[in-house]
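Printed here is entry14.pdb (PDB, C-alpha atoms):
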```
ATOM      1  CA  GLN A   1      11.386  19.605 -20.857  1.00  0.00           C
ATOM      2  CA  LEU A   2       7.806  18.512 -20.273  1.00  0.00           C
ATOM      3  CA  GLN A   3       7.488  15.289 -18.296  1.00  0.00           C
ATOM      4  CA  LEU A   4       4.165  13.585 -18.862  1.00  0.00           C
ATOM      5  CA  VAL A   5       2.917  10.900 -16.500  1.00  0.00           C
ATOM      6  CA  GLU A   6      -0.028   8.679 -17.363  1.00  0.00           C
ATOM      7  CA  SER A   7      -2.082   6.810 -14.787  1.00  0.00           C
ATOM      8  CA  GLY A   8      -5.407   5.084 -14.431  1.00  0.00           C
ATOM      9  CA  GLY A   9      -4.824   1.983 -16.493  1.00  0.00           C
ATOM     10  CA  GLY A  10      -5.661  -1.503 -15.325  1.00  0.00           C
ATOM     11  CA  LEU A  11      -7.748  -4.581 -15.940  1.00  0.00           C
ATOM     12  CA  VAL A  12     -11.399  -4.084 -16.784  1.00  0.00           C
ATOM     13  CA  GLN A  13     -14.141  -6.347 -18.043  1.00  0.00           C
ATOM     14  CA  PRO A  14     -15.693  -5.878 -21.466  1.00  0.00           C
ATOM     15  CA  GLY A  15     -18.310  -3.157 -21.324  1.00  0.00           C
ATOM     16  CA  GLY A  16     -16.576  -1.451 -18.451  1.00  0.00           C
ATOM     17  CA  SER A  17     -15.037   1.987 -18.099  1.00  0.00           C
ATOM     18  CA  LEU A  18     -11.729   3.531 -17.157  1.00  0.00           C
ATOM     19  CA  ARG A  19     -10.503   7.083 -16.841  1.00  0.00           C
ATOM     20  CA  LEU A  20      -6.909   7.735 -17.746  1.00  0.00           C
ATOM     21  CA  SER A  21      -5.000  10.761 -16.519  1.00  0.00           C
ATOM     22  CA  CYS A  22      -2.050  12.588 -17.995  1.00  0.00           C
ATOM     23  CA  ALA A  23      -0.298  14.948 -15.630  1.00  0.00           C
ATOM     24  CA  ALA A  24       2.604  17.359 -15.967  1.00  0.00           C
ATOM     25  CA  SER A  25       3.706  20.686 -14.630  1.00  0.00           C
ATOM     26  CA  GLY A  26       3.319  23.139 -17.468  1.00  0.00           C
ATOM     27  CA  ILE A  27       0.851  21.022 -19.401  1.00  0.00           C
ATOM     28  CA  THR A  28      -1.516  23.968 -19.692  1.00  0.00           C
ATOM     29  CA  SER A  29       0.579  25.454 -22.494  1.00  0.00           C
ATOM     30  CA  TYR A  30       0.254  22.413 -24.734  1.00  0.00           C
ATOM     31  CA  ASN A  31      -2.205  20.685 -26.951  1.00  0.00           C
ATOM     32  CA  ILE A  32      -2.455  17.093 -25.760  1.00  0.00           C
ATOM     33  CA  GLY A  33      -3.105  13.895 -27.642  1.00  0.00           C
ATOM     34  CA  TRP A  34      -3.905  10.383 -26.484  1.00  0.00           C
ATOM     35  CA  PHE A  35      -2.514   7.390 -28.339  1.00  0.00           C
ATOM     36  CA  ARG A  36      -2.391   3.658 -27.845  1.00  0.00           C
ATOM     37  CA  GLN A  37      -0.243   0.821 -29.027  1.00  0.00           C
ATOM     38  CA  ALA A  38      -1.260  -2.816 -28.994  1.00  0.00           C
ATOM     39  CA  PRO A  39       1.316  -5.601 -29.279  1.00  0.00           C
ATOM     40  CA  GLY A  40       2.562  -5.931 -32.819  1.00  0.00           C
ATOM     41  CA  LYS A  41       0.702  -2.847 -34.022  1.00  0.00           C
ATOM     42  CA  GLU A  42       1.620   0.737 -34.789  1.00  0.00           C
ATOM     43  CA  ARG A  43       0.873   3.501 -32.353  1.00  0.00           C
ATOM     44  CA  GLU A  44      -2.643   4.749 -33.003  1.00  0.00           C
ATOM     45  CA  GLY A  45      -3.916   8.281 -32.425  1.00  0.00           C
ATOM     46  CA  LEU A  46      -7.192   8.456 -30.499  1.00  0.00           C
ATOM     47  CA  SER A  47      -8.021  11.993 -29.520  1.00  0.00           C
ATOM     48  CA  CYS A  48      -6.581  15.420 -28.898  1.00  0.00           C
ATOM     49  CA  ILE A  49      -7.522  18.566 -27.017  1.00  0.00           C
ATOM     50  CA  SER A  50      -6.396  22.162 -27.306  1.00  0.00           C
ATOM     51  CA  SER A  51      -4.401  23.841 -24.570  1.00  0.00           C
ATOM     52  CA  ARG A  52      -7.408  25.609 -23.109  1.00  0.00           C
ATOM     53  CA  GLY A  53      -9.772  22.725 -23.697  1.00  0.00           C
ATOM     54  CA  GLY A  54     -12.016  24.539 -26.128  1.00  0.00           C
ATOM     55  CA  SER A  55     -11.426  22.204 -29.060  1.00  0.00           C
ATOM     56  CA  THR A  56     -11.244  18.445 -29.336  1.00  0.00           C
ATOM     57  CA  ASN A  57     -10.986  15.832 -32.027  1.00  0.00           C
ATOM     58  CA  TYR A  58     -11.435  12.073 -32.127  1.00  0.00           C
ATOM     59  CA  ALA A  59     -10.541   9.117 -34.254  1.00  0.00           C
ATOM     60  CA  ASP A  60     -13.614   7.450 -35.710  1.00  0.00           C
ATOM     61  CA  SER A  61     -12.820   4.237 -33.849  1.00  0.00           C
ATOM     62  CA  VAL A  62     -13.375   5.852 -30.437  1.00  0.00           C
ATOM     63  CA  ARG A  63     -15.515   8.882 -31.139  1.00  0.00           C
ATOM     64  CA  ARG A  64     -18.667   7.455 -29.574  1.00  0.00           C
ATOM     65  CA  ARG A  65     -17.013   5.817 -26.583  1.00  0.00           C
ATOM     66  CA  PHE A  66     -14.102   8.005 -25.435  1.00  0.00           C
ATOM     67  CA  THR A  67     -14.123  11.561 -24.132  1.00  0.00           C
ATOM     68  CA  ILE A  68     -11.091  13.778 -23.718  1.00  0.00           C
ATOM     69  CA  SER A  69     -11.090  16.637 -21.250  1.00  0.00           C
ATOM     70  CA  ARG A  70      -8.701  18.655 -19.158  1.00  0.00           C
ATOM     71  CA  ASP A  71      -8.540  20.475 -15.857  1.00  0.00           C
ATOM     72  CA  ASN A  72      -5.865  23.111 -16.179  1.00  0.00           C
ATOM     73  CA  THR A  73      -6.200  24.054 -12.520  1.00  0.00           C
ATOM     74  CA  LYS A  74      -4.842  20.581 -11.745  1.00  0.00           C
ATOM     75  CA  ASN A  75      -2.484  20.255 -14.731  1.00  0.00           C
ATOM     76  CA  ILE A  76      -4.273  17.080 -15.849  1.00  0.00           C
ATOM     77  CA  VAL A  77      -5.756  15.817 -19.097  1.00  0.00           C
ATOM     78  CA  TYR A  78      -8.223  12.957 -18.953  1.00  0.00           C
ATOM     79  CA  LEU A  79      -9.408  10.255 -21.297  1.00  0.00           C
ATOM     80  CA  GLN A  80     -12.711   8.762 -20.220  1.00  0.00           C
ATOM     81  CA  MET A  81     -13.176   5.400 -21.872  1.00  0.00           C
ATOM     82  CA  ASN A  82     -16.579   3.721 -21.845  1.00  0.00           C
ATOM     83  CA  PHE A  83     -17.938   0.460 -23.280  1.00  0.00           C
ATOM     84  CA  LEU A  84     -14.467  -0.972 -23.455  1.00  0.00           C
ATOM     85  CA  GLU A  85     -13.817  -3.938 -25.718  1.00  0.00           C
ATOM     86  CA  PRO A  86     -11.022  -6.513 -25.767  1.00  0.00           C
ATOM     87  CA  GLU A  87      -9.725  -4.740 -28.880  1.00  0.00           C
ATOM     88  CA  ASP A  88      -9.018  -1.688 -26.714  1.00  0.00           C
ATOM     89  CA  THR A  89      -6.277  -3.588 -24.911  1.00  0.00           C
ATOM     90  CA  ALA A  90      -3.063  -1.627 -25.366  1.00  0.00           C
ATOM     91  CA  VAL A  91      -0.556   0.662 -23.738  1.00  0.00           C
ATOM     92  CA  TYR A  92      -2.022   4.152 -23.690  1.00  0.00           C
ATOM     93  CA  TYR A  93       0.164   7.216 -24.058  1.00  0.00           C
ATOM     94  CA  CYS A  94      -0.369  10.923 -23.813  1.00  0.00           C
ATOM     95  CA  ALA A  95       1.722  13.359 -25.817  1.00  0.00           C
ATOM     96  CA  ALA A  96       2.151  17.105 -25.997  1.00  0.00           C
ATOM     97  CA  THR A  97       2.677  19.599 -28.776  1.00  0.00           C
ATOM     98  CA  THR A  98       2.442  23.310 -29.448  1.00  0.00           C
ATOM     99  CA  ARG A  99       1.560  22.657 -33.092  1.00  0.00           C
ATOM    100  CA  PRO A 100      -2.016  23.405 -34.155  1.00  0.00           C
ATOM    101  CA  VAL A 101      -3.076  19.769 -34.503  1.00  0.00           C
ATOM    102  CA  ILE A 102      -6.591  19.954 -33.149  1.00  0.00           C
ATOM    103  CA  SER A 103      -8.521  21.168 -36.170  1.00  0.00           C
ATOM    104  CA  ARG A 104      -7.258  18.480 -38.531  1.00  0.00           C
ATOM    105  CA  LEU A 105      -7.756  14.881 -37.483  1.00  0.00           C
ATOM    106  CA  VAL A 106      -4.881  13.716 -39.664  1.00  0.00           C
ATOM    107  CA  MET A 107      -2.561  15.879 -37.564  1.00  0.00           C
ATOM    108  CA  CYS A 108      -4.263  15.074 -34.282  1.00  0.00           C
ATOM    109  CA  GLU A 109      -3.626  11.358 -34.901  1.00  0.00           C
ATOM    110  CA  ALA A 110      -0.055  11.633 -36.189  1.00  0.00           C
ATOM    111  CA  THR A 111       2.746  10.852 -33.754  1.00  0.00           C
ATOM    112  CA  ARG A 112       5.268  12.974 -35.678  1.00  0.00           C
ATOM    113  CA  PHE A 113       3.565  16.205 -34.671  1.00  0.00           C
ATOM    114  CA  TYR A 114       4.062  15.611 -30.947  1.00  0.00           C
ATOM    115  CA  ASP A 115       7.229  16.525 -29.108  1.00  0.00           C
ATOM    116  CA  PHE A 116       6.852  15.070 -25.618  1.00  0.00           C
ATOM    117  CA  TRP A 117       5.602  11.643 -24.608  1.00  0.00           C
ATOM    118  CA  GLY A 118       4.737   9.859 -21.415  1.00  0.00           C
ATOM    119  CA  GLN A 119       5.816   6.335 -20.531  1.00  0.00           C
ATOM    120  CA  GLY A 120       2.368   4.850 -21.002  1.00  0.00           C
ATOM    121  CA  THR A 121      -0.177   3.008 -18.907  1.00  0.00           C
ATOM    122  CA  GLN A 122      -1.441  -0.494 -19.641  1.00  0.00           C
ATOM    123  CA  VAL A 123      -5.127  -1.080 -20.270  1.00  0.00           C
ATOM    124  CA  THR A 124      -6.336  -4.659 -20.457  1.00  0.00           C
ATOM    125  CA  VAL A 125      -9.921  -5.498 -21.313  1.00  0.00           C
ATOM    126  CA  SER A 126     -10.704  -9.088 -20.522  1.00  0.00           C
ATOM    127  CA  SER A 127     -13.252 -11.235 -18.765  1.00  0.00           C
TER     128      SER A 127
END
```

How would this structure read if it were set down as structure tokens?
Amino acid sequence: QLQLVESGGGLVQPGGSLRLSCAASGITSYNIGWFRQAPGKEREGLSCISSRGGSTNYADSVRRRFTISRDNTKNIVYLQMNFLEPEDTAVYYCAATTRPVISRLVMCEATRFYDFWGQGTQVTVSS
């Protein structure tokens, strides 16, 4: 059982940046996705990265502002978020899968293809 733990959320002003982390022992064997869920909305796929970090994919809504990366020596996957907007306010989740989701955005963004989920970290963008 893979136990994912997100961290790095918090309160940030519009235009600011945050870096989220997703950590787990054994994470190096999995493709990882980042998702978010705002109040009253469905969970939204943002980005995903292959197990070795060689391939990534992004939703159009964040492609120019967010960067996913991983450090397998530390068992951590990151989501660097820049130029944050109030609309980015949500709980952010990381998820893991062994399915080949990276090459197709529709799979990368789909919650049903992921098997393990973290508990989430709150990001609030407000002045």

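For the choices A:Thr73, A:Ser51, A:Gln119, A:Ser126, the atom-to-atom distance to Val91 (chain A) is smallest for A:Gln119 when using only C-alpha atoms.
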
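Within the file as shown, the PyMOL selection byres ((chain A and resi 31-36) around 6) identifies Tyr30, Gln37, Arg43, Glu44, Gly45, Leu46, Ser47, Cys48, Ile49, Ser50, Ser51, Ala90, Val91, Tyr92, Tyr93, Cys94, Ala95, Ala96, Thr97 and Thr98 of chain A.
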
Within 6 Å of (-6.1, -2.6, -23.1) (file coordinates; only C-alpha atoms), which protein or nucleic acid residues are there? I'd like them as a PDB file with C-alpha atoms, keeping the file's coordinate frame.
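Result file is out.pdb:
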```
ATOM      1  CA  ASP A  88      -9.018  -1.688 -26.714  1.00  0.00           C
ATOM      2  CA  THR A  89      -6.277  -3.588 -24.911  1.00  0.00           C
ATOM      3  CA  ALA A  90      -3.063  -1.627 -25.366  1.00  0.00           C
ATOM      4  CA  VAL A 123      -5.127  -1.080 -20.270  1.00  0.00           C
ATOM      5  CA  THR A 124      -6.336  -4.659 -20.457  1.00  0.00           C
ATOM      6  CA  VAL A 125      -9.921  -5.498 -21.313  1.00  0.00           C
TER       7      VAL A 125
END
```

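When the PyMOL selection byres ((chain A and resi 22) around 8) is evaluated on the file shown here, the picked residues come out as Leu4, Val5, Glu6, Ser7, Leu20, Ser21, Ala23, Ala24, Ile76, Val77, Tyr78 and Cys94 of chain A.
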
Exercise. Determine, counting all atoms listed in the file, which protein, DNA and RNA residues have an atom within 7 Å of an atom of Leu79 (chain A); residues of the same chain fewer than 4 positions away are not included. Present the result as a list in words.
Key: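 Using all atoms listed in the file, the neighbours found are Arg19, Leu20, Ser21, Phe66, Thr67, Ile68 and Ser69 of chain A.
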
Practice problem: Rank nothing, just name the residue among A:Val101, A:Cys108, A:Leu18, A:Ile27 nearest to Gln80 (chain A), using only C-alpha atoms. | Solution: A:Leu18

Quiz item: Suppose you want the space between CA of Thr111 (chain A) and CA of Ser25 (chain A); what is it in Å?
Solution: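 Rounded to one decimal, the two atoms are 21.5 Å apart.
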
Quiz item: So, counting only C-alpha atoms, which residue among A:Ser29, A:Asn82, A:Asn75, A:Asn57 is closest to Val106 (chain A)?
Solution: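 The shortest atom-to-atom distance to Val106 (chain A) comes from A:Asn57.
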
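In this model, the gap between CA of Arg64 (chain A) and CA of Leu105 (chain A) comes to 15.4 Å.
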
Quiz item: Which residue, A:Asp60, A:Ser55, A:Arg104, A:Arg99, has the smallest gap to Phe116 (chain A) when you use only C-alpha atoms?
Solution: A:Arg99

Quiz prompt | Atomic distance CA of Glu85 (chain A) - CA of Pro39 (chain A), expressed in Å with one decimal | solution =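 Result for CA of Glu85 (chain A) versus CA of Pro39 (chain A): 15.6 Å, one decimal.
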
Using 5 Å of padding on each side, determine the axis-aligned box around all atoms of region 61-66 of chain A present in the file and give its centre and edge lengths in Å to one decimal, as AutoDock Vina command-line options.
```
--center_x -15.7 --center_y 6.6 --center_z -29.6 --size_x 15.8 --size_y 14.6 --size_z 18.4
```

Quiz item: Counting only C-alpha atoms, which of A:Lys41, A:Trp117, A:Arg65, A:Leu84 gets nearest to Gly10 (chain A)?
Solution: A:Leu84
